[in-house]
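coords.cif follows (mmCIF, C-alpha atoms, pLDDT in the B column; chains and numbers go by the auth columns):
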data_target
#
loop_
_atom_site.group_PDB
_atom_site.id
_atom_site.type_symbol
_atom_site.label_atom_id
_atom_site.label_comp_id
_atom_site.label_asym_id
_atom_site.label_seq_id
_atom_site.Cartn_x
_atom_site.Cartn_y
_atom_site.Cartn_z
_atom_site.B_iso_or_equiv
_atom_site.auth_seq_id
_atom_site.auth_asym_id
ATOM 1 C CA MET A 1 101.371 102.434 107.175 68.00 1 A
ATOM 2 C CA SER A 2 104.163 103.464 109.491 75.00 2 A
ATOM 3 C CA PHE A 3 106.499 100.770 108.164 74.00 3 A
ATOM 4 C CA LEU A 4 106.759 102.810 104.936 80.00 4 A
ATOM 5 C CA ARG A 5 107.665 106.056 106.696 79.00 5 A
ATOM 6 C CA GLY A 6 111.021 107.216 105.373 79.00 6 A
ATOM 7 C CA ARG A 7 110.891 104.701 102.530 88.00 7 A
ATOM 8 C CA GLU A 8 108.553 106.552 100.165 92.00 8 A
ATOM 9 C CA VAL A 9 111.271 107.551 97.686 93.00 9 A
ATOM 10 C CA HIS A 10 112.727 104.053 97.597 94.00 10 A
ATOM 11 C CA LEU A 11 109.266 102.549 97.125 96.00 11 A
ATOM 12 C CA SER A 12 108.575 104.935 94.247 96.00 12 A
ATOM 13 C CA VAL A 13 111.848 104.049 92.515 97.00 13 A
ATOM 14 C CA ILE A 14 111.214 100.305 92.986 97.00 14 A
ATOM 15 C CA LEU A 15 107.707 100.584 91.532 98.00 15 A
ATOM 16 C CA ILE A 16 108.932 102.623 88.556 98.00 16 A
ATOM 17 C CA ILE A 17 111.661 100.049 87.829 98.00 17 A
ATOM 18 C CA ALA A 18 109.104 97.231 88.163 98.00 18 A
ATOM 19 C CA LEU A 19 106.722 98.946 85.751 98.00 19 A
ATOM 20 C CA LEU A 20 109.510 99.634 83.256 98.00 20 A
ATOM 21 C CA GLY A 21 110.588 95.998 83.546 98.00 21 A
ATOM 22 C CA VAL A 22 107.103 94.669 82.815 97.00 22 A
ATOM 23 C CA LEU A 23 106.592 97.051 79.903 97.00 23 A
ATOM 24 C CA SER A 24 109.971 96.329 78.319 97.00 24 A
ATOM 25 C CA GLY A 25 109.426 92.609 78.849 97.00 25 A
ATOM 26 C CA TRP A 26 106.005 92.875 77.203 96.00 26 A
ATOM 27 C CA ALA A 27 107.571 94.627 74.209 96.00 27 A
ATOM 28 C CA ILE A 28 110.159 91.858 73.898 94.00 28 A
ATOM 29 C CA GLY A 29 107.735 88.998 74.544 93.00 29 A
ATOM 30 C CA CYS A 30 105.226 90.034 71.887 89.00 30 A
ATOM 31 C CA ASN A 31 107.643 88.662 69.295 86.00 31 A
ATOM 32 C CA ILE A 32 108.374 85.404 71.129 87.00 32 A
ATOM 33 C CA PRO A 33 105.368 83.076 71.054 83.00 33 A
ATOM 34 C CA MET A 34 105.127 80.787 74.090 85.00 34 A
ATOM 35 C CA ARG A 35 102.791 77.971 74.953 81.00 35 A
ATOM 36 C CA PRO A 36 101.539 77.796 78.517 77.00 36 A
ATOM 37 C CA GLU A 37 102.163 74.625 80.478 74.00 37 A
ATOM 38 C CA ASN A 38 99.359 73.075 82.460 68.00 38 A
ATOM 39 C CA ASN A 39 101.209 71.999 85.564 71.00 39 A
ATOM 40 C CA MET A 40 100.659 72.135 89.288 74.00 40 A
ATOM 41 C CA PRO A 41 104.045 72.670 90.958 82.00 41 A
ATOM 42 C CA ALA A 42 104.640 71.553 94.547 90.00 42 A
ATOM 43 C CA PHE A 43 104.118 74.039 97.377 93.00 43 A
ATOM 44 C CA TRP A 44 107.523 73.567 99.041 94.00 44 A
ATOM 45 C CA GLY A 45 109.459 73.891 95.798 93.00 45 A
ATOM 46 C CA LEU A 46 107.641 77.107 94.948 93.00 46 A
ATOM 47 C CA LEU A 47 108.056 78.513 98.450 96.00 47 A
ATOM 48 C CA LEU A 48 111.773 77.728 98.602 97.00 48 A
ATOM 49 C CA ASN A 49 112.350 79.246 95.169 95.00 49 A
ATOM 50 C CA ASN A 50 110.407 82.397 96.038 96.00 50 A
ATOM 51 C CA VAL A 51 112.174 82.842 99.384 97.00 51 A
ATOM 52 C CA LYS A 52 115.533 82.275 97.665 97.00 52 A
ATOM 53 C CA VAL A 53 114.747 85.017 95.138 97.00 53 A
ATOM 54 C CA GLY A 54 113.600 87.330 97.935 98.00 54 A
ATOM 55 C CA GLY A 55 116.799 86.634 99.861 98.00 55 A
ATOM 56 C CA MET A 56 118.856 87.395 96.757 98.00 56 A
ATOM 57 C CA VAL A 57 117.021 90.704 96.348 98.00 57 A
ATOM 58 C CA ILE A 58 117.707 91.634 99.987 97.00 58 A
ATOM 59 C CA VAL A 59 121.385 90.646 99.931 97.00 59 A
ATOM 60 C CA ALA A 60 122.056 92.253 96.546 97.00 60 A
ATOM 61 C CA GLY A 61 120.379 95.419 97.764 96.00 61 A
ATOM 62 C CA LEU A 62 122.277 95.527 101.042 95.00 62 A
ATOM 63 C CA LEU A 63 125.614 94.955 99.306 95.00 63 A
ATOM 64 C CA THR A 64 124.986 97.680 96.707 95.00 64 A
ATOM 65 C CA LEU A 65 122.892 100.236 98.620 93.00 65 A
ATOM 66 C CA GLY A 66 119.771 99.154 96.747 95.00 66 A
ATOM 67 C CA VAL A 67 121.096 99.058 93.186 96.00 67 A
ATOM 68 C CA GLY A 68 121.277 95.254 93.103 97.00 68 A
ATOM 69 C CA ALA A 69 117.718 95.012 94.397 98.00 69 A
ATOM 70 C CA LEU A 70 116.538 97.335 91.627 98.00 70 A
ATOM 71 C CA PHE A 71 118.343 95.249 89.019 98.00 71 A
ATOM 72 C CA LEU A 72 116.765 92.000 90.249 98.00 72 A
ATOM 73 C CA VAL A 73 113.292 93.538 90.502 98.00 73 A
ATOM 74 C CA GLY A 74 113.594 94.966 86.988 98.00 74 A
ATOM 75 C CA PHE A 75 114.897 91.673 85.610 98.00 75 A
ATOM 76 C CA ASN A 76 112.163 89.581 87.255 97.00 76 A
ATOM 77 C CA MET A 77 109.461 91.977 86.084 98.00 77 A
ATOM 78 C CA MET A 78 110.930 91.860 82.577 97.00 78 A
ATOM 79 C CA ILE A 79 110.666 88.062 82.613 96.00 79 A
ATOM 80 C CA LEU A 80 107.064 88.365 83.825 96.00 80 A
ATOM 81 C CA GLY A 81 106.218 90.828 81.053 96.00 81 A
ATOM 82 C CA ALA A 82 107.931 88.802 78.332 95.00 82 A
ATOM 83 C CA SER A 83 106.391 85.477 79.308 92.00 83 A
ATOM 84 C CA THR A 84 102.944 87.012 79.765 93.00 84 A
ATOM 85 C CA ALA A 85 103.119 88.708 76.364 94.00 85 A
ATOM 86 C CA GLY A 86 104.364 85.539 74.681 92.00 86 A
ATOM 87 C CA VAL A 87 101.598 83.420 76.174 90.00 87 A
ATOM 88 C CA TYR A 88 99.004 86.085 75.336 92.00 88 A
ATOM 89 C CA ALA A 89 100.198 86.201 71.725 90.00 89 A
ATOM 90 C CA THR A 90 99.861 82.429 71.422 89.00 90 A
ATOM 91 C CA SER A 91 96.907 81.512 73.630 88.00 91 A
ATOM 92 C CA GLY A 92 95.011 84.673 74.553 89.00 92 A
ATOM 93 C CA ILE A 93 94.039 85.981 77.972 91.00 93 A
ATOM 94 C CA GLY A 94 92.742 82.708 79.489 88.00 94 A
ATOM 95 C CA PRO A 95 96.079 81.237 80.595 87.00 95 A
ATOM 96 C CA ILE A 96 97.113 84.571 82.083 88.00 96 A
ATOM 97 C CA LEU A 97 93.905 84.917 84.089 88.00 97 A
ATOM 98 C CA SER A 98 94.073 81.352 85.389 86.00 98 A
ATOM 99 C CA GLY A 99 97.832 80.757 85.548 85.00 99 A
ATOM 100 C CA VAL A 100 99.398 84.081 86.508 87.00 100 A
ATOM 101 C CA LEU A 101 96.827 86.450 87.964 89.00 101 A
ATOM 102 C CA PRO A 102 95.874 84.446 91.072 90.00 102 A
ATOM 103 C CA HIS A 103 99.373 84.378 92.576 92.00 103 A
ATOM 104 C CA ALA A 104 101.478 87.043 90.817 94.00 104 A
ATOM 105 C CA PRO A 105 100.314 90.030 92.920 96.00 105 A
ATOM 106 C CA CYS A 106 101.442 88.283 96.118 97.00 106 A
ATOM 107 C CA GLU A 107 104.864 87.521 94.649 97.00 107 A
ATOM 108 C CA ILE A 108 105.263 91.067 93.351 98.00 108 A
ATOM 109 C CA VAL A 109 104.331 92.615 96.709 98.00 109 A
ATOM 110 C CA ALA A 110 106.775 90.280 98.475 98.00 110 A
ATOM 111 C CA MET A 111 109.567 91.168 96.062 98.00 111 A
ATOM 112 C CA VAL A 112 108.904 94.893 96.542 98.00 112 A
ATOM 113 C CA MET A 113 109.050 94.383 100.318 97.00 113 A
ATOM 114 C CA CYS A 114 112.378 92.565 99.935 98.00 114 A
ATOM 115 C CA ALA A 115 113.704 95.371 97.729 98.00 115 A
ATOM 116 C CA LEU A 116 112.741 97.894 100.411 96.00 116 A
ATOM 117 C CA VAL A 117 114.799 95.894 102.904 96.00 117 A
ATOM 118 C CA GLY A 118 117.622 95.974 100.359 96.00 118 A
ATOM 119 C CA PHE A 119 117.617 99.773 100.646 94.00 119 A
ATOM 120 C CA GLU A 120 118.226 99.698 104.410 92.00 120 A
ATOM 121 C CA GLY A 121 121.873 100.579 103.803 89.00 121 A
ATOM 122 C CA TRP A 122 120.745 103.976 102.558 85.00 122 A
ATOM 123 C CA ARG A 123 118.606 104.440 105.653 82.00 123 A
ATOM 124 C CA VAL A 124 121.555 103.619 107.916 84.00 124 A
ATOM 125 C CA ILE A 125 123.711 106.206 106.156 87.00 125 A
ATOM 126 C CA ALA A 126 120.930 108.819 106.377 81.00 126 A
ATOM 127 C CA ILE A 127 120.383 108.107 110.073 79.00 127 A
ATOM 128 C CA PHE A 128 124.096 108.350 110.893 83.00 128 A
ATOM 129 C CA LYS A 129 124.320 111.589 108.908 82.00 129 A
ATOM 130 C CA GLU A 130 121.344 113.019 110.791 80.00 130 A
ATOM 131 C CA ARG A 131 122.872 111.946 114.102 80.00 131 A
ATOM 132 C CA LEU A 132 126.157 113.653 113.212 84.00 132 A
ATOM 133 C CA VAL A 133 124.516 116.873 112.019 85.00 133 A
ATOM 134 C CA SER A 134 121.830 117.271 114.689 81.00 134 A
ATOM 135 C CA GLY A 135 123.496 115.460 117.543 78.00 135 A
ATOM 136 C CA GLU A 136 120.183 113.782 118.323 79.00 136 A
ATOM 137 C CA CYS A 137 119.701 110.050 118.773 77.00 137 A
ATOM 138 C CA VAL A 138 117.618 109.143 115.737 69.00 138 A
ATOM 139 C CA LYS A 139 116.099 105.678 115.995 75.00 139 A
ATOM 140 C CA PHE A 140 116.679 103.122 113.265 75.00 140 A
ATOM 141 C CA ASN A 141 113.281 101.443 113.835 79.00 141 A
ATOM 142 C CA VAL A 142 114.225 97.799 113.466 87.00 142 A
ATOM 143 C CA LYS A 143 110.575 96.822 113.954 91.00 143 A
ATOM 144 C CA SER A 144 109.568 98.214 110.576 91.00 144 A
ATOM 145 C CA THR A 145 112.394 96.325 108.858 93.00 145 A
ATOM 146 C CA ALA A 146 111.371 93.114 110.612 94.00 146 A
ATOM 147 C CA PHE A 147 107.772 93.775 109.573 95.00 147 A
ATOM 148 C CA LEU A 148 108.862 94.028 105.935 96.00 148 A
ATOM 149 C CA VAL A 149 110.812 90.751 106.123 97.00 149 A
ATOM 150 C CA LEU A 150 108.009 88.877 107.885 97.00 150 A
ATOM 151 C CA GLY A 151 105.414 90.420 105.568 97.00 151 A
ATOM 152 C CA ALA A 152 107.406 89.274 102.533 98.00 152 A
ATOM 153 C CA ILE A 153 107.586 85.734 103.912 98.00 153 A
ATOM 154 C CA VAL A 154 103.836 85.697 104.534 98.00 154 A
ATOM 155 C CA MET A 155 103.194 86.950 100.993 98.00 155 A
ATOM 156 C CA TYR A 156 105.545 84.317 99.549 98.00 156 A
ATOM 157 C CA VAL A 157 103.715 81.587 101.502 97.00 157 A
ATOM 158 C CA LEU A 158 100.377 82.870 100.220 97.00 158 A
ATOM 159 C CA ALA A 159 101.728 83.026 96.652 95.00 159 A
ATOM 160 C CA ALA A 160 103.032 79.452 96.889 94.00 160 A
ATOM 161 C CA LEU A 161 99.683 78.249 98.260 93.00 161 A
ATOM 162 C CA LEU A 162 97.812 79.973 95.433 92.00 162 A
ATOM 163 C CA GLU A 163 100.220 78.826 92.735 89.00 163 A
ATOM 164 C CA SER A 164 100.324 75.211 93.892 89.00 164 A
ATOM 165 C CA GLY A 165 96.601 74.929 94.555 86.00 165 A
ATOM 166 C CA ILE A 166 94.717 77.390 92.390 83.00 166 A
ATOM 167 C CA SER A 167 96.871 78.938 89.649 77.00 167 A
ATOM 168 C CA HIS A 168 97.233 76.789 86.601 67.00 168 A
ATOM 169 C CA ALA A 169 97.104 77.617 82.958 57.00 169 A
ATOM 170 C CA GLN A 170 94.008 76.552 81.085 55.00 170 A
ATOM 171 C CA THR A 171 95.674 75.101 78.011 49.00 171 A
ATOM 172 C CA GLY A 172 92.667 73.261 76.702 46.00 172 A
#
Would you encode the structure as structure tokens?
Amino acid sequence: MSFLRGREVHLSVILIIALLGVLSGWAIGCNIPMRPENNMPAFWGLLLNNVKVGGMVIVAGLLTLGVGALFLVGFNMMILGASTAGVYATSGIGPILSGVLPHAPCEIVAMVMCALVGFEGWRVIAIFKERLVSGECVKFNVKSTAFLVLGAIVMYVLAALLESGISHAQTG
């Protein structure tokens, strides 16, 4: 996976923040009972919302050298954890298996890919520093960044297809 080369630390930090977000959200959501809704949202609405969130993660990350991306990832994962815990407390595992599990992994992977793009500012600084110190022409590797953006879009399309066509809460 050459597109991750040089991004391992950022990926690790993003995944840790995501995990902490889900766990803290779960702790909060256990005390907030929620009822799942049995709805089938439209593909285009879901896709546009997901791409908008991904764009916000990228822009926030680029403007803040990744900090904004981490905040948005943590916040979104906290919402996921809280809503999942609240639904579980009220209705059990069924709505989570049928309403969240089919599409959530695709959305999470896409958001992580967007957050990695949000850290590109750090990579630019590191590359310029290396160029100044070594005098060598270190490549930025725009292809890997483009791969992350296109991969995130593909994952968001897949998530929207799954959520609009397959994922729905079994509310009984």
Exercise for review: Pick out the closest residue to Thr64 (chain A) from this set: A:Val13, A:Cys137, A:Ala115, A:Cys30. Count all atoms listed in the file.
Suggested key: A:Ala115
**Study point:** Spatial neighbours of Gly165 (chain A), 8 Å, all atoms listed in the file, chain gap at least 3 places, as a PyMOL selection string
**Key:** chain A and resi 40+161-162
Review point. Hey, can you check how far CA of Leu4 (chain A) sits from CA of Ala60 (chain A)?
Key: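 Atom-to-atom, CA of Leu4 (chain A) and CA of Ala60 (chain A) are spaced 20.4 Å apart.
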Check your understanding: Using all atoms listed in the file, which residue out of A:Gly99, A:Gly135, A:Gly29, A:Pro36 lies closest to Ile166 (chain A)?
Key -> A:Gly99
Point to revise | Residues near Pro33 (chain A), cut-off 8 Å, only C-alpha atoms, skip fewer than 2 positions along chain, as a ChimeraX atom specification | key: /A:29-31,35,86-87,89-90
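At a cut-off of 12 Å from (122.1, 91.4, 96.0), the residue set is Lys52, Val53, Gly54, Gly55, Met56, Val57, Ile58, Val59, Ala60, Gly61, Leu62, Leu63, Thr64, Leu65, Gly66, Val67, Gly68, Ala69, Leu70, Phe71, Leu72, Val73, Cys114, Ala115, Val117, Gly118 and Phe119 of chain A (counting only C-alpha atoms).
The spacing separating CA of Leu20 (chain A) from CA of Gly74 (chain A) amounts to 7.2 Å.
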What box, with edges along x, y and z, holds each listed atom of region 54-73 of chain A when 4 Å is added on every side, and can you state its centre and edge lengths in Å to one decimal, as lines of an AutoDock Vina configuration file?
center_x = 119.5
center_y = 93.4
center_z = 95.0
size_x = 20.3
size_y = 21.6
size_z = 20.0
Coords for region 10-147 of chain A, C-alpha atoms, as a PDB file, in the first residue's frame:
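selection_0.pdb written:
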ATOM      1  CA  HIS A  10      -0.903  10.300  10.789  1.00  0.00           C
ATOM      2  CA  LEU A  11      -2.991   7.189  10.135  1.00  0.00           C
ATOM      3  CA  SER A  12      -2.226   5.890  13.625  1.00  0.00           C
ATOM      4  CA  VAL A  13      -3.241   9.181  15.248  1.00  0.00           C
ATOM      5  CA  ILE A  14      -6.462   9.331  13.187  1.00  0.00           C
ATOM      6  CA  LEU A  15      -7.399   5.770  14.150  1.00  0.00           C
ATOM      7  CA  ILE A  16      -6.681   6.409  17.836  1.00  0.00           C
ATOM      8  CA  ILE A  17      -8.847   9.557  17.782  1.00  0.00           C
ATOM      9  CA  ALA A  18     -11.610   7.634  15.976  1.00  0.00           C
ATOM     10  CA  LEU A  19     -11.508   4.838  18.545  1.00  0.00           C
ATOM     11  CA  LEU A  20     -11.533   7.301  21.444  1.00  0.00           C
ATOM     12  CA  GLY A  21     -14.465   9.096  19.817  1.00  0.00           C
ATOM     13  CA  VAL A  22     -16.513   5.914  19.465  1.00  0.00           C
ATOM     14  CA  LEU A  23     -15.738   4.790  23.008  1.00  0.00           C
ATOM     15  CA  SER A  24     -16.528   8.159  24.579  1.00  0.00           C
ATOM     16  CA  GLY A  25     -19.688   8.396  22.487  1.00  0.00           C
ATOM     17  CA  TRP A  26     -20.705   4.910  23.629  1.00  0.00           C
ATOM     18  CA  ALA A  27     -20.196   5.940  27.258  1.00  0.00           C
ATOM     19  CA  ILE A  28     -22.378   9.010  26.729  1.00  0.00           C
ATOM     20  CA  GLY A  29     -25.022   7.242  24.642  1.00  0.00           C
ATOM     21  CA  CYS A  30     -25.648   4.444  27.134  1.00  0.00           C
ATOM     22  CA  ASN A  31     -27.604   6.950  29.217  1.00  0.00           C
ATOM     23  CA  ILE A  32     -29.587   8.410  26.311  1.00  0.00           C
ATOM     24  CA  PRO A  33     -32.162   5.929  25.016  1.00  0.00           C
ATOM     25  CA  MET A  34     -32.921   6.305  21.301  1.00  0.00           C
ATOM     26  CA  ARG A  35     -35.418   4.626  19.049  1.00  0.00           C
ATOM     27  CA  PRO A  36     -34.231   3.617  15.603  1.00  0.00           C
ATOM     28  CA  GLU A  37     -36.100   4.961  12.604  1.00  0.00           C
ATOM     29  CA  ASN A  38     -37.064   2.627   9.808  1.00  0.00           C
ATOM     30  CA  ASN A  39     -36.384   4.812   6.810  1.00  0.00           C
ATOM     31  CA  MET A  40     -34.741   4.436   3.441  1.00  0.00           C
ATOM     32  CA  PRO A  41     -33.008   7.728   2.605  1.00  0.00           C
ATOM     33  CA  ALA A  42     -32.354   8.717  -1.011  1.00  0.00           C
ATOM     34  CA  PHE A  43     -29.007   7.854  -2.596  1.00  0.00           C
ATOM     35  CA  TRP A  44     -28.167  11.365  -3.842  1.00  0.00           C
ATOM     36  CA  GLY A  45     -28.974  13.030  -0.533  1.00  0.00           C
ATOM     37  CA  LEU A  46     -26.774  10.565   1.327  1.00  0.00           C
ATOM     38  CA  LEU A  47     -23.947  10.870  -1.188  1.00  0.00           C
ATOM     39  CA  LEU A  48     -23.989  14.671  -1.161  1.00  0.00           C
ATOM     40  CA  ASN A  49     -24.034  14.758   2.635  1.00  0.00           C
ATOM     41  CA  ASN A  50     -21.169  12.272   2.904  1.00  0.00           C
ATOM     42  CA  VAL A  51     -19.047  14.083   0.308  1.00  0.00           C
ATOM     43  CA  LYS A  52     -19.761  17.396   2.063  1.00  0.00           C
ATOM     44  CA  VAL A  53     -18.544  15.950   5.372  1.00  0.00           C
ATOM     45  CA  GLY A  54     -15.463  14.509   3.662  1.00  0.00           C
ATOM     46  CA  GLY A  55     -14.742  17.877   2.061  1.00  0.00           C
ATOM     47  CA  MET A  56     -15.082  19.579   5.442  1.00  0.00           C
ATOM     48  CA  VAL A  57     -12.613  17.102   6.941  1.00  0.00           C
ATOM     49  CA  ILE A  58     -10.105  17.774   4.141  1.00  0.00           C
ATOM     50  CA  VAL A  59     -10.423  21.567   4.265  1.00  0.00           C
ATOM     51  CA  ALA A  60     -10.354  21.730   8.068  1.00  0.00           C
ATOM     52  CA  GLY A  61      -7.282  19.520   8.064  1.00  0.00           C
ATOM     53  CA  LEU A  62      -5.469  21.523   5.407  1.00  0.00           C
ATOM     54  CA  LEU A  63      -6.198  24.813   7.172  1.00  0.00           C
ATOM     55  CA  THR A  64      -5.002  23.522  10.560  1.00  0.00           C
ATOM     56  CA  LEU A  65      -2.238  21.060   9.623  1.00  0.00           C
ATOM     57  CA  GLY A  66      -4.502  18.127  10.449  1.00  0.00           C
ATOM     58  CA  VAL A  67      -5.917  19.260  13.790  1.00  0.00           C
ATOM     59  CA  GLY A  68      -9.301  20.193  12.310  1.00  0.00           C
ATOM     60  CA  ALA A  69      -9.521  16.824  10.577  1.00  0.00           C
ATOM     61  CA  LEU A  70      -8.842  15.065  13.879  1.00  0.00           C
ATOM     62  CA  PHE A  71     -11.535  17.114  15.599  1.00  0.00           C
ATOM     63  CA  LEU A  72     -14.138  16.281  12.936  1.00  0.00           C
ATOM     64  CA  VAL A  73     -13.214  12.588  12.889  1.00  0.00           C
ATOM     65  CA  GLY A  74     -13.418  12.419  16.686  1.00  0.00           C
ATOM     66  CA  PHE A  75     -16.730  14.281  16.732  1.00  0.00           C
ATOM     67  CA  ASN A  76     -18.309  12.108  14.023  1.00  0.00           C
ATOM     68  CA  MET A  77     -17.117   8.926  15.715  1.00  0.00           C
ATOM     69  CA  MET A  78     -18.503  10.208  19.018  1.00  0.00           C
ATOM     70  CA  ILE A  79     -21.901  10.709  17.375  1.00  0.00           C
ATOM     71  CA  LEU A  80     -21.679   7.186  15.935  1.00  0.00           C
ATOM     72  CA  GLY A  81     -20.825   5.724  19.342  1.00  0.00           C
ATOM     73  CA  ALA A  82     -23.527   7.666  21.176  1.00  0.00           C
ATOM     74  CA  SER A  83     -26.302   6.872  18.716  1.00  0.00           C
ATOM     75  CA  THR A  84     -25.288   3.217  18.488  1.00  0.00           C
ATOM     76  CA  ALA A  85     -25.224   2.876  22.276  1.00  0.00           C
ATOM     77  CA  GLY A  86     -28.568   4.641  22.640  1.00  0.00           C
ATOM     78  CA  VAL A  87     -30.242   2.433  20.053  1.00  0.00           C
ATOM     79  CA  TYR A  88     -28.650  -0.681  21.572  1.00  0.00           C
ATOM     80  CA  ALA A  89     -29.919   0.280  25.028  1.00  0.00           C
ATOM     81  CA  THR A  90     -33.450   0.688  23.692  1.00  0.00           C
ATOM     82  CA  SER A  91     -33.779  -1.907  20.935  1.00  0.00           C
ATOM     83  CA  GLY A  92     -30.874  -4.345  21.165  1.00  0.00           C
ATOM     84  CA  ILE A  93     -28.389  -5.384  18.502  1.00  0.00           C
ATOM     85  CA  GLY A  94     -30.845  -5.922  15.608  1.00  0.00           C
ATOM     86  CA  PRO A  95     -31.144  -2.306  14.441  1.00  0.00           C
ATOM     87  CA  ILE A  96     -27.378  -1.884  14.620  1.00  0.00           C
ATOM     88  CA  LEU A  97     -26.712  -4.989  12.536  1.00  0.00           C
ATOM     89  CA  SER A  98     -29.288  -4.047   9.908  1.00  0.00           C
ATOM     90  CA  GLY A  99     -29.152  -0.243  10.013  1.00  0.00           C
ATOM     91  CA  VAL A 100     -25.538   0.676  10.734  1.00  0.00           C
ATOM     92  CA  LEU A 101     -23.213  -2.238  10.067  1.00  0.00           C
ATOM     93  CA  PRO A 102     -23.800  -2.612   6.312  1.00  0.00           C
ATOM     94  CA  HIS A 103     -22.656   0.902   5.390  1.00  0.00           C
ATOM     95  CA  ALA A 104     -20.717   2.340   8.357  1.00  0.00           C
ATOM     96  CA  PRO A 105     -17.340   0.713   7.549  1.00  0.00           C
ATOM     97  CA  CYS A 106     -17.330   2.328   4.093  1.00  0.00           C
ATOM     98  CA  GLU A 107     -18.099   5.754   5.551  1.00  0.00           C
ATOM     99  CA  ILE A 108     -15.449   5.370   8.242  1.00  0.00           C
ATOM    100  CA  VAL A 109     -12.771   4.321   5.739  1.00  0.00           C
ATOM    101  CA  ALA A 110     -13.693   7.269   3.502  1.00  0.00           C
ATOM    102  CA  MET A 111     -13.506   9.701   6.410  1.00  0.00           C
ATOM    103  CA  VAL A 112     -10.097   8.333   7.436  1.00  0.00           C
ATOM    104  CA  MET A 113      -8.894   8.771   3.844  1.00  0.00           C
ATOM    105  CA  CYS A 114     -10.145  12.370   3.873  1.00  0.00           C
ATOM    106  CA  ALA A 115      -8.398  12.995   7.197  1.00  0.00           C
ATOM    107  CA  LEU A 116      -5.152  11.687   5.702  1.00  0.00           C
ATOM    108  CA  VAL A 117      -5.523  14.227   2.899  1.00  0.00           C
ATOM    109  CA  GLY A 118      -6.105  16.843   5.596  1.00  0.00           C
ATOM    110  CA  PHE A 119      -2.609  16.094   6.912  1.00  0.00           C
ATOM    111  CA  GLU A 120      -0.952  16.898   3.572  1.00  0.00           C
ATOM    112  CA  GLY A 121       0.145  20.260   4.964  1.00  0.00           C
ATOM    113  CA  TRP A 122       2.444  18.415   7.346  1.00  0.00           C
ATOM    114  CA  ARG A 123       3.855  16.387   4.471  1.00  0.00           C
ATOM    115  CA  VAL A 124       4.571  19.552   2.480  1.00  0.00           C
ATOM    116  CA  ILE A 125       6.448  21.056   5.422  1.00  0.00           C
ATOM    117  CA  ALA A 126       8.423  17.824   5.941  1.00  0.00           C
ATOM    118  CA  ILE A 127       9.302  17.619   2.246  1.00  0.00           C
ATOM    119  CA  PHE A 128      10.461  21.247   2.097  1.00  0.00           C
ATOM    120  CA  LYS A 129      12.513  20.718   5.257  1.00  0.00           C
ATOM    121  CA  GLU A 130      14.125  17.616   3.763  1.00  0.00           C
ATOM    122  CA  ARG A 131      14.846  19.495   0.539  1.00  0.00           C
ATOM    123  CA  LEU A 132      16.497  22.324   2.480  1.00  0.00           C
ATOM    124  CA  VAL A 133      18.580  20.014   4.674  1.00  0.00           C
ATOM    125  CA  SER A 134      19.661  17.442   2.081  1.00  0.00           C
ATOM    126  CA  GLY A 135      19.552  19.580  -1.020  1.00  0.00           C
ATOM    127  CA  GLU A 136      17.874  16.713  -2.854  1.00  0.00           C
ATOM    128  CA  CYS A 137      14.679  17.009  -4.870  1.00  0.00           C
ATOM    129  CA  VAL A 138      12.231  14.997  -2.787  1.00  0.00           C
ATOM    130  CA  LYS A 139       9.026  14.215  -4.657  1.00  0.00           C
ATOM    131  CA  PHE A 140       5.668  15.153  -3.183  1.00  0.00           C
ATOM    132  CA  ASN A 141       3.886  12.193  -4.840  1.00  0.00           C
ATOM    133  CA  VAL A 142       0.641  13.824  -5.896  1.00  0.00           C
ATOM    134  CA  LYS A 143      -0.593  10.473  -7.220  1.00  0.00           C
ATOM    135  CA  SER A 144      -0.977   9.036  -3.734  1.00  0.00           C
ATOM    136  CA  THR A 145      -2.949  12.091  -2.599  1.00  0.00           C
ATOM    137  CA  ALA A 146      -5.204  11.821  -5.645  1.00  0.00           C
ATOM    138  CA  PHE A 147      -5.636   8.115  -4.909  1.00  0.00           C
TER     139      PHE A 147
END
